[in-house]
Amino acid sequence: EKRWRDEPADASGCGNIVIGDNAWIGVDSIILKNVTIGEGSVVAAGSVVTKSVDPFCIVAGNPARVVKRLNVYQAKRRHEAEGTYPY
């Protein structure tokens, strides 16, 4: 009803959405409040993201689920543990 009257939303209905660097969001995707899309992740077109997405993952569906973890994430974690991450 408030949207119909062009009034601002209540603070209780708002939340933050954080989208990491180099993340791709497909057309017609829906991202709910208080969700983080990790660095280098891909959200497939038409997906409904209800939970945070780890870095370097591909998610799809309603609700969105991880369909693949990219090898870049594993390499990055290994390099960070070794202290040899290049950037």
# chains A, B, ... in the order shown; residues from 1 in each chain; ligands from 1

$ select_by_dssp --residues "chain A" --states "strand (DSSP E or B)" --output "count of residues only"
24

$ residues_around --residues "segment 16-28 of chain A" --least-positions-apart "2" --cutoff "10 Å" --atoms "only C-alpha atoms" --output "list of chain:residue names"
A:Cys14, A:Ile30, A:Ile31, A:Leu32, A:Lys33, A:Asn34, A:Val35, A:Thr36, A:Ile37, A:Gly38, A:Glu39, A:Gly40, A:Ser41, A:Val42, A:Val43, A:Ala44, A:Ala45, A:Gly46, A:Ser47, A:Val48, A:Ser52, A:Val53, A:Asp54, A:Pro55, A:Phe56, A:Cys57, A:Ile58, A:Val59, A:Ala60

$ atom_distance --atom1 "atom CA of Pro63 of chain A" --atom2 "atom CA of Gly15 of chain A"
18.4 Å

$ select_by_dssp --residues "chain A" --states "helix (DSSP H, G or I)" --output "PyMOL selection string"
chain A and resi 11-13+71-82
